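One file, run-v9.txt, carrying compact mmCIF, C-alpha atoms:
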```txt
# COMPACT_ATOMS: atom_id res chain seq x y z
CA MET A 1 43.14 -5.55 32.42
CA LEU A 2 40.21 -4.09 30.53
CA ASP A 3 36.73 -4.35 31.97
CA ASP A 4 33.48 -4.34 30.01
CA ILE A 5 33.10 -0.57 30.29
CA ASP A 6 36.65 -0.04 28.96
CA ARG A 7 35.86 -2.26 25.99
CA ALA A 8 32.58 -0.49 25.33
CA LEU A 9 34.38 2.84 25.59
CA ILE A 10 37.09 1.83 23.09
CA ASN A 11 34.48 0.56 20.66
CA ARG A 12 32.37 3.69 21.04
CA LEU A 13 35.31 6.07 20.63
CA GLN A 14 36.43 4.37 17.43
CA ASP A 15 33.13 5.39 15.86
CA GLY A 16 34.02 9.03 16.29
CA VAL A 17 32.65 11.85 18.40
CA PRO A 18 30.81 15.00 17.30
CA LEU A 19 32.64 18.31 17.08
CA GLN A 20 31.19 20.08 20.11
CA PRO A 21 32.53 21.71 23.26
CA SER A 22 31.80 18.76 25.56
CA PRO A 23 32.30 15.71 23.36
CA PHE A 24 32.29 13.16 26.18
CA ASP A 25 28.95 13.99 27.86
CA ASP A 26 26.71 11.84 25.66
CA ILE A 27 29.18 8.96 25.58
CA ALA A 28 29.50 8.90 29.36
CA ALA A 29 25.72 8.99 29.71
CA GLY A 30 25.40 6.13 27.23
CA LEU A 31 27.78 4.04 29.33
CA SER A 32 26.10 5.09 32.60
CA ILE A 33 29.32 6.57 33.98
CA THR A 34 30.37 10.11 34.84
CA VAL A 35 32.51 12.21 32.53
CA ASP A 36 35.24 12.16 35.19
CA ASP A 37 35.19 8.36 35.23
CA LEU A 38 35.31 8.29 31.43
CA LEU A 39 38.32 10.61 31.39
CA ARG A 40 40.13 8.53 34.02
CA ARG A 41 39.53 5.39 31.98
CA LEU A 42 40.63 7.06 28.76
CA GLN A 43 43.83 8.27 30.41
CA ALA A 44 44.53 4.77 31.72
CA LEU A 45 43.84 3.19 28.32
CA LYS A 46 46.25 5.63 26.72
CA GLU A 47 48.93 4.98 29.34
CA ALA A 48 48.47 1.22 28.90
CA GLY A 49 48.78 1.63 25.14
CA ALA A 50 45.36 0.16 24.31
CA ILE A 51 44.58 3.47 22.63
CA THR A 52 47.46 5.23 20.92
CA ARG A 53 45.72 8.54 20.42
CA PHE A 54 42.38 10.29 20.73
CA GLY A 55 41.62 13.26 18.55
CA PRO A 56 41.11 14.44 14.98
CA PHE A 57 42.32 12.19 12.16
CA PHE A 58 43.87 14.42 9.56
CA ASP A 59 43.91 13.45 5.90
CA ALA A 60 47.59 13.89 5.30
CA ALA A 61 47.20 14.16 1.54
CA ALA A 62 44.60 16.90 2.01
CA MET A 63 47.24 18.86 3.92
CA GLY A 64 49.53 18.74 0.91
CA GLY A 65 51.78 15.80 1.71
CA ALA A 66 52.54 12.86 -0.57
CA PHE A 67 52.65 9.20 0.39
CA CYS A 68 53.69 5.97 -1.28
CA LEU A 69 53.77 2.35 -0.21
CA CYS A 70 57.03 0.76 -1.32
CA ALA A 71 58.39 -2.77 -1.25
CA MET A 72 61.83 -4.33 -1.58
CA LYS A 73 63.09 -7.86 -2.11
CA VAL A 74 65.99 -7.87 0.34
CA PRO A 75 68.43 -10.80 0.40
CA ALA A 76 68.12 -12.49 3.82
CA GLU A 77 71.80 -12.06 4.64
CA ARG A 78 71.58 -8.33 4.00
CA PHE A 79 68.29 -7.71 5.77
CA GLU A 80 69.54 -5.91 8.89
CA GLU A 81 72.03 -3.79 6.98
CA VAL A 82 69.46 -2.73 4.37
CA CYS A 83 66.92 -2.09 7.12
CA ALA A 84 69.29 0.32 8.84
CA ARG A 85 69.96 2.15 5.57
CA VAL A 86 66.24 2.42 4.75
CA ASN A 87 65.21 3.52 8.25
CA ALA A 88 67.89 6.21 8.22
CA PHE A 89 65.76 8.11 5.71
CA PRO A 90 63.45 10.40 7.71
CA GLU A 91 60.90 10.12 4.89
CA VAL A 92 60.35 6.46 5.82
CA ALA A 93 57.31 6.63 8.11
CA HIS A 94 56.50 2.96 8.77
CA ASN A 95 58.48 -0.09 7.86
CA TYR A 96 57.37 -3.70 8.27
CA GLN A 97 59.07 -7.02 7.67
CA ARG A 98 56.67 -9.40 5.91
CA GLU A 99 56.77 -13.07 4.96
CA HIS A 100 57.12 -12.89 1.20
CA ARG A 101 59.77 -12.58 -1.51
CA LEU A 102 59.01 -8.89 -1.16
CA ASN A 103 60.02 -8.89 2.49
CA MET A 104 60.33 -5.20 3.37
CA TRP A 105 57.33 -2.87 3.06
CA PHE A 106 57.48 0.76 4.02
CA VAL A 107 55.58 4.02 3.53
CA LEU A 108 57.31 7.15 2.29
CA ALA A 109 55.86 10.45 3.50
CA THR A 110 57.17 13.57 1.80
CA GLU A 111 56.13 17.13 1.10
CA ASP A 112 55.23 16.42 -2.53
CA ALA A 113 55.18 13.77 -5.26
CA VAL A 114 58.55 14.74 -6.71
CA ALA A 115 60.18 14.03 -3.36
CA ILE A 116 58.65 10.54 -3.36
CA THR A 117 60.50 9.68 -6.57
CA GLU A 118 63.72 11.33 -5.37
CA THR A 119 63.63 9.50 -2.05
CA ALA A 120 62.82 6.10 -3.56
CA ASP A 121 65.64 6.58 -6.07
CA ALA A 122 68.01 7.58 -3.26
CA ILE A 123 67.08 4.45 -1.28
CA GLU A 124 67.87 2.35 -4.36
CA ARG A 125 71.28 4.01 -4.63
CA ALA A 126 71.96 3.58 -0.90
CA THR A 127 71.03 -0.10 -0.84
CA GLY A 128 71.48 -1.40 -4.37
CA VAL A 129 68.00 -2.93 -4.10
CA GLN A 130 65.08 -2.00 -6.35
CA VAL A 131 62.30 -0.05 -4.62
CA MET A 132 58.93 -1.11 -6.04
CA ARG A 133 56.34 1.64 -5.74
CA PHE A 134 52.67 1.11 -5.04
CA PRO A 135 51.03 4.53 -4.75
CA LYS A 136 47.37 4.43 -3.83
CA LEU A 137 45.07 4.90 -6.79
CA ARG A 138 41.88 4.77 -4.76
CA GLU A 139 41.09 4.41 -1.09
CA PHE A 140 38.08 2.42 0.06
CA PHE A 141 37.05 3.88 3.38
CA ILE A 142 36.49 1.97 5.76
CA GLY A 143 35.24 -0.14 8.63
CA PHE A 144 38.37 0.73 10.66
CA ARG A 145 37.07 -0.73 13.90
CA VAL A 146 38.67 -3.29 16.15
CA ALA A 147 36.30 -5.11 18.49
CA ALA A 148 37.92 -4.54 21.88
CA MET B 1 49.32 37.23 14.67
CA SER B 2 46.64 34.98 13.24
CA VAL B 3 46.52 31.28 13.96
CA THR B 4 46.92 29.20 10.80
CA ASP B 5 45.37 25.82 10.05
CA ARG B 6 48.88 24.46 10.20
CA ASP B 7 49.24 25.76 13.76
CA ILE B 8 45.99 24.06 14.70
CA VAL B 9 47.01 20.78 13.05
CA SER B 10 50.40 20.94 14.70
CA VAL B 11 48.89 21.34 18.17
CA LEU B 12 46.36 18.56 17.60
CA GLN B 13 48.70 16.03 16.01
CA GLY B 14 49.33 14.42 19.36
CA GLY B 15 45.60 14.27 20.07
CA LEU B 16 43.13 16.19 22.19
CA PRO B 17 43.78 16.81 25.89
CA LEU B 18 41.71 14.36 27.94
CA VAL B 19 39.57 16.90 29.74
CA ALA B 20 35.83 17.54 29.77
CA GLU B 21 36.12 20.55 27.44
CA PRO B 22 39.17 19.78 25.29
CA TYR B 23 38.56 22.46 22.65
CA ALA B 24 38.45 25.22 25.28
CA ALA B 25 41.83 24.01 26.54
CA VAL B 26 43.33 23.86 23.03
CA ALA B 27 41.92 27.28 22.13
CA ALA B 28 43.42 28.81 25.26
CA GLY B 29 46.81 27.40 24.34
CA LEU B 30 46.55 28.90 20.86
CA GLY B 31 45.32 32.25 22.12
CA MET B 32 41.98 32.07 20.34
CA ARG B 33 38.36 31.71 21.40
CA GLU B 34 36.80 28.27 21.67
CA ASP B 35 34.03 29.10 19.18
CA GLU B 36 36.63 30.34 16.68
CA LEU B 37 38.56 27.10 17.01
CA LEU B 38 35.41 25.00 16.62
CA ALA B 39 34.46 26.95 13.48
CA ARG B 40 37.91 26.40 12.01
CA LEU B 41 37.78 22.69 12.81
CA GLN B 42 34.31 22.42 11.30
CA ALA B 43 35.61 24.00 8.09
CA MET B 44 38.50 21.50 8.04
CA ARG B 45 36.03 18.72 8.56
CA ASP B 46 33.80 19.96 5.74
CA SER B 47 36.77 20.13 3.36
CA GLY B 48 37.98 16.64 4.28
CA VAL B 49 41.19 17.68 6.02
CA ILE B 50 39.71 16.21 9.21
CA ARG B 51 38.14 12.83 8.55
CA ARG B 52 36.75 12.19 11.98
CA ILE B 53 37.50 12.67 15.65
CA ALA B 54 38.07 9.31 17.25
CA ALA B 55 40.29 6.95 19.18
CA ALA B 56 43.08 5.06 17.41
CA PRO B 57 43.29 1.58 18.91
CA ASN B 58 46.49 -0.39 19.26
CA HIS B 59 45.58 -3.69 17.61
CA PHE B 60 48.42 -5.55 19.24
CA LYS B 61 47.54 -4.42 22.78
CA LEU B 62 43.93 -5.44 22.18
CA GLY B 63 45.04 -8.98 21.41
CA MET B 64 44.95 -8.68 17.62
CA THR B 65 48.46 -9.98 17.26
CA ALA B 66 48.21 -11.35 13.71
CA ASN B 67 48.12 -8.91 10.84
CA GLY B 68 47.97 -9.89 7.21
CA MET B 69 48.04 -7.73 4.14
CA THR B 70 45.75 -9.56 1.73
CA VAL B 71 46.30 -8.74 -1.93
CA TRP B 72 43.99 -9.54 -4.84
CA ASP B 73 44.13 -9.52 -8.62
CA VAL B 74 40.70 -8.08 -9.44
CA GLU B 75 39.33 -7.31 -12.88
CA ASP B 76 39.98 -3.62 -13.61
CA THR B 77 36.37 -2.94 -14.56
CA ARG B 78 35.12 -4.26 -11.22
CA VAL B 79 37.77 -3.21 -8.73
CA ALA B 80 36.09 0.08 -7.79
CA ALA B 81 32.76 -1.48 -6.87
CA LEU B 82 34.21 -4.59 -5.25
CA GLY B 83 36.91 -2.65 -3.44
CA ALA B 84 34.23 -0.53 -1.79
CA GLN B 85 32.49 -3.71 -0.61
CA VAL B 86 35.73 -5.14 0.76
CA GLY B 87 36.52 -1.84 2.49
CA ALA B 88 33.11 -1.92 4.16
CA LEU B 89 33.74 -5.32 5.79
CA PRO B 90 33.99 -4.67 9.55
CA PHE B 91 37.30 -6.50 9.93
CA VAL B 92 39.10 -4.72 7.07
CA THR B 93 40.98 -1.76 8.51
CA HIS B 94 42.41 -0.35 5.27
CA ALA B 95 41.64 -1.08 1.62
CA TYR B 96 43.29 0.46 -1.40
CA GLU B 97 43.52 0.05 -5.15
CA ARG B 98 47.18 0.19 -6.19
CA PRO B 99 49.00 -0.37 -9.49
CA ARG B 100 50.15 -3.86 -10.45
CA ALA B 101 53.87 -4.43 -11.07
CA LEU B 102 53.83 -7.13 -13.73
CA PRO B 103 55.10 -9.74 -14.07
CA ASP B 104 56.16 -10.03 -10.42
CA TRP B 105 53.12 -8.52 -8.80
CA PRO B 106 49.67 -9.05 -10.36
CA TYR B 107 47.68 -7.68 -7.42
CA ASN B 108 45.74 -4.41 -7.58
CA LEU B 109 43.55 -4.54 -4.44
CA PHE B 110 45.15 -4.42 -0.98
CA ALA B 111 43.08 -5.10 2.16
CA MET B 112 44.58 -5.15 5.66
CA VAL B 113 43.13 -7.73 8.03
CA HIS B 114 43.86 -8.08 11.76
CA GLY B 115 43.05 -11.05 13.96
CA HIS B 116 43.78 -12.74 17.27
CA GLY B 117 45.71 -15.39 15.37
CA ARG B 118 46.45 -16.55 11.85
CA ASP B 119 43.43 -18.89 11.84
CA GLU B 120 41.17 -15.90 12.35
CA VAL B 121 42.97 -13.93 9.66
CA GLU B 122 42.69 -16.86 7.22
CA ASP B 123 38.96 -17.11 7.94
CA LYS B 124 38.58 -13.43 7.12
CA ARG B 125 40.63 -13.89 3.97
CA ARG B 126 38.16 -16.60 2.89
CA GLN B 127 35.28 -14.20 3.49
CA ILE B 128 36.92 -11.68 1.18
CA ALA B 129 37.51 -14.43 -1.41
CA ASP B 130 33.83 -15.36 -1.26
CA LEU B 131 32.82 -11.74 -1.75
CA LEU B 132 35.12 -11.25 -4.74
CA GLY B 133 34.25 -14.61 -6.33
CA ARG B 134 35.50 -15.08 -9.87
CA ALA B 135 36.32 -11.38 -10.27
CA SER B 136 39.52 -12.22 -8.37
CA ARG B 137 41.97 -14.21 -10.46
CA GLY B 138 44.48 -14.75 -7.69
CA ASN B 139 45.41 -13.62 -4.20
CA ASP B 140 48.12 -13.80 -1.59
CA ILE B 141 48.62 -12.79 2.03
CA LEU B 142 51.68 -11.16 3.55
CA TYR B 143 51.97 -11.53 7.31
CA SER B 144 54.01 -8.97 9.13
CA THR B 145 56.66 -10.51 11.33
CA ARG B 146 58.31 -7.39 12.71
CA ILE B 147 57.76 -3.67 12.97
CA LEU B 148 61.01 -2.20 11.69
CA LYS B 149 60.00 1.43 12.17
CA LYS B 150 56.85 3.22 13.18
CA THR B 151 56.44 6.94 13.52
CA GLY B 152 53.36 9.08 13.76
CA LEU B 153 52.40 11.42 10.98
CA ARG B 154 54.48 14.54 11.23
CA LEU B 155 54.14 17.72 9.28
CA ARG B 156 57.77 18.58 9.59
CA ARG B 157 60.50 16.21 8.72
CA GLU B 158 62.14 14.57 11.67
CA ALA B 159 64.55 11.71 12.04
CA PRO B 160 62.90 9.33 14.50
CA ALA B 161 64.70 6.53 16.24
CA CYS B 162 64.56 2.99 14.89
CA SER B 163 62.39 0.55 16.79
CA ASP B 164 61.74 -3.14 16.53
```

Can you give me the file's structure in the form of structure tokens?
Amino acid sequence: MLDDIDRALINRLQDGVPLQPSPFDDIAAGLSITVDDLLRRLQALKEAGAITRFGPFFDAAAMGGAFCLCAMKVPAERFEEVCARVNAFPEVAHNYQREHRLNMWFVLATEDAVAITETADAIERATGVQVMRFPKLREFFIGFRVAA
Amino acid sequence: MSVTDRDIVSVLQGGLPLVAEPYAAVAAGLGMREDELLARLQAMRDSGVIRRIAAAPNHFKLGMTANGMTVWDVEDTRVAALGAQVGALPFVTHAYERPRALPDWPYNLFAMVHGHGRDEVEDKRRQIADLLGRASRGNDILYSTRILKKTGLRLRREAPACSD
């Protein structure tokens, strides 16, 4: 169970920390706890899954990768079978079932743009279902915070 | 042998070690000095490869169990300015302009909204609708009902296990 300090810590760490040798000192002071206490709490939050990761967020596209949101209209009776075929592609990074005619939404992550097209085409061949492609044209960045 | 940016990214993909001086620990593992590592990371930050250094929350574990992808058909001439305003709303976690796929899909602005329940998500959807006003000619919301696969970002291709 999270206490008030855990919640404050999660909220504070979502804002980002400066790039300096001891990044937790000021945050611990702001919460009136020791750095050791902060680290124990952070470890516990990570083990409990409240925080999935703490560290640098890399812009994947800036590192040379390519990404594309894709959607499919999968017949209900074929959903599990198509899901297995889609997920078998290692280029499929996330895949969500959603309530809509377009009921399967996934992100392709590949080394370059050509591989996006090749992979989406290959998924169409493997499933017989059209893969609609919604590459990002512009990203609006971002509040990104969850109130813990 | 010199340490490449790719080496640094690879080591940090899983996150920083949770110790008082995490960069000293990472630098030691890479066989470089802490100040060298910090300079390299600063350069990556300046170039946009590193966006920020922060915690990634698990929405579901924090009680935000409803997640809706709201989608909007916004006038092309206004989508850049309005999209920036939608993206700045504190409850919008991601916002993107994407191509329409007419006639099936008229929507060009995607904004992800999380909430403790669907009522909360619908309330947030109304706030976006108010902000967009008549510049939005239609909208929809797609609730996720199941995670079919979720893997972290990986530089190298891997074949992760299915999860649901």

Around (58.0, 7.0, -2.7) in the file's own coordinates, what residues are found within 9 Å if you use only C-alpha atoms, given back as a PyMOL selection string? chain A and resi 66-70+91-92+107-110+113-121+131-135

Nearest candidate to Leu38 in chain A (options A:Val129, A:Ile5, A:Ile51, A:Val17; using all atoms listed in the file):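 Of A:Val129, A:Ile5, A:Ile51, A:Val17, the one nearest Leu38 in chain A is A:Ile5, counting all atoms listed in the file.
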
Rounded to one decimal in Å, what is the spacing between CA of Arg33 in chain B and CA of Phe57 in chain A?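 Result for CA of Arg33 in chain B versus CA of Phe57 in chain A: 22.0 Å, one decimal.
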
Using all atoms of range 21-38 of chain B that appear in the file, construct an axis-aligned enclosing box with 3 Å of padding on every side and provide its centre coordinates and edge lengths in Å, rounded to one decimal, as lines of an AutoDock Vina configuration file.
```
center_x = 40.4
center_y = 26.0
center_z = 22.0
size_x = 18.8
size_y = 18.5
size_z = 16.8
```

Show me, as an MDAnalysis selection string, the residues of chain A whose atoms get within 7 Å of chain B, using all atoms listed in the file for the distance check. chainID A and resid 13:17 21:22 24 35 39 43 49:59 62:63 87 90 93:100 134:145 148

Please, could you write that set of residues out with C-alpha atoms as an mmCIF file, in the frame of the given file?
```cif
data_model
loop_
_atom_site.group_PDB
_atom_site.id
_atom_site.type_symbol
_atom_site.label_atom_id
_atom_site.label_comp_id
_atom_site.auth_asym_id
_atom_site.auth_seq_id
_atom_site.Cartn_x
_atom_site.Cartn_y
_atom_site.Cartn_z
ATOM 1 C CA LEU A 13 35.310 6.070 20.630
ATOM 2 C CA GLN A 14 36.430 4.370 17.430
ATOM 3 C CA ASP A 15 33.130 5.390 15.860
ATOM 4 C CA GLY A 16 34.020 9.030 16.290
ATOM 5 C CA VAL A 17 32.650 11.850 18.400
ATOM 6 C CA PRO A 21 32.530 21.710 23.260
ATOM 7 C CA SER A 22 31.800 18.760 25.560
ATOM 8 C CA PHE A 24 32.290 13.160 26.180
ATOM 9 C CA VAL A 35 32.510 12.210 32.530
ATOM 10 C CA LEU A 39 38.320 10.610 31.390
ATOM 11 C CA GLN A 43 43.830 8.270 30.410
ATOM 12 C CA GLY A 49 48.780 1.630 25.140
ATOM 13 C CA ALA A 50 45.360 0.160 24.310
ATOM 14 C CA ILE A 51 44.580 3.470 22.630
ATOM 15 C CA THR A 52 47.460 5.230 20.920
ATOM 16 C CA ARG A 53 45.720 8.540 20.420
ATOM 17 C CA PHE A 54 42.380 10.290 20.730
ATOM 18 C CA GLY A 55 41.620 13.260 18.550
ATOM 19 C CA PRO A 56 41.110 14.440 14.980
ATOM 20 C CA PHE A 57 42.320 12.190 12.160
ATOM 21 C CA PHE A 58 43.870 14.420 9.560
ATOM 22 C CA ASP A 59 43.910 13.450 5.900
ATOM 23 C CA ALA A 62 44.600 16.900 2.010
ATOM 24 C CA MET A 63 47.240 18.860 3.920
ATOM 25 C CA ASN A 87 65.210 3.520 8.250
ATOM 26 C CA PRO A 90 63.450 10.400 7.710
ATOM 27 C CA ALA A 93 57.310 6.630 8.110
ATOM 28 C CA HIS A 94 56.500 2.960 8.770
ATOM 29 C CA ASN A 95 58.480 -0.090 7.860
ATOM 30 C CA TYR A 96 57.370 -3.700 8.270
ATOM 31 C CA GLN A 97 59.070 -7.020 7.670
ATOM 32 C CA ARG A 98 56.670 -9.400 5.910
ATOM 33 C CA GLU A 99 56.770 -13.070 4.960
ATOM 34 C CA HIS A 100 57.120 -12.890 1.200
ATOM 35 C CA PHE A 134 52.670 1.110 -5.040
ATOM 36 C CA PRO A 135 51.030 4.530 -4.750
ATOM 37 C CA LYS A 136 47.370 4.430 -3.830
ATOM 38 C CA LEU A 137 45.070 4.900 -6.790
ATOM 39 C CA ARG A 138 41.880 4.770 -4.760
ATOM 40 C CA GLU A 139 41.090 4.410 -1.090
ATOM 41 C CA PHE A 140 38.080 2.420 0.060
ATOM 42 C CA PHE A 141 37.050 3.880 3.380
ATOM 43 C CA ILE A 142 36.490 1.970 5.760
ATOM 44 C CA GLY A 143 35.240 -0.140 8.630
ATOM 45 C CA PHE A 144 38.370 0.730 10.660
ATOM 46 C CA ARG A 145 37.070 -0.730 13.900
ATOM 47 C CA ALA A 148 37.920 -4.540 21.880
#
```

Among B:Gly138, B:Ala66, B:Ala129, B:Ala25, His116 in chain B is approached most closely, using all atoms listed in the file, by B:Ala66

Rounded to one decimal, what separation in Å do you get between CA of Glu111 in chain A and CA of Ala88 in chain A?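 So the two atoms, CA of Glu111 in chain A and CA of Ala88 in chain A, lie 17.6 Å apart.
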
Quick one: pull the distance between CA of Asp37 in chain A and CA of Ile10 in chain A, Å, one decimal.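 Calculated distance between CA of Asp37 in chain A and CA of Ile10 in chain A is 13.9 Å.
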
So, with only C-alpha atoms as the atoms that count, which of B:Val3, B:Val74, B:Ala28, B:Ile128 lies closest to Arg40 in chain B? B:Val3
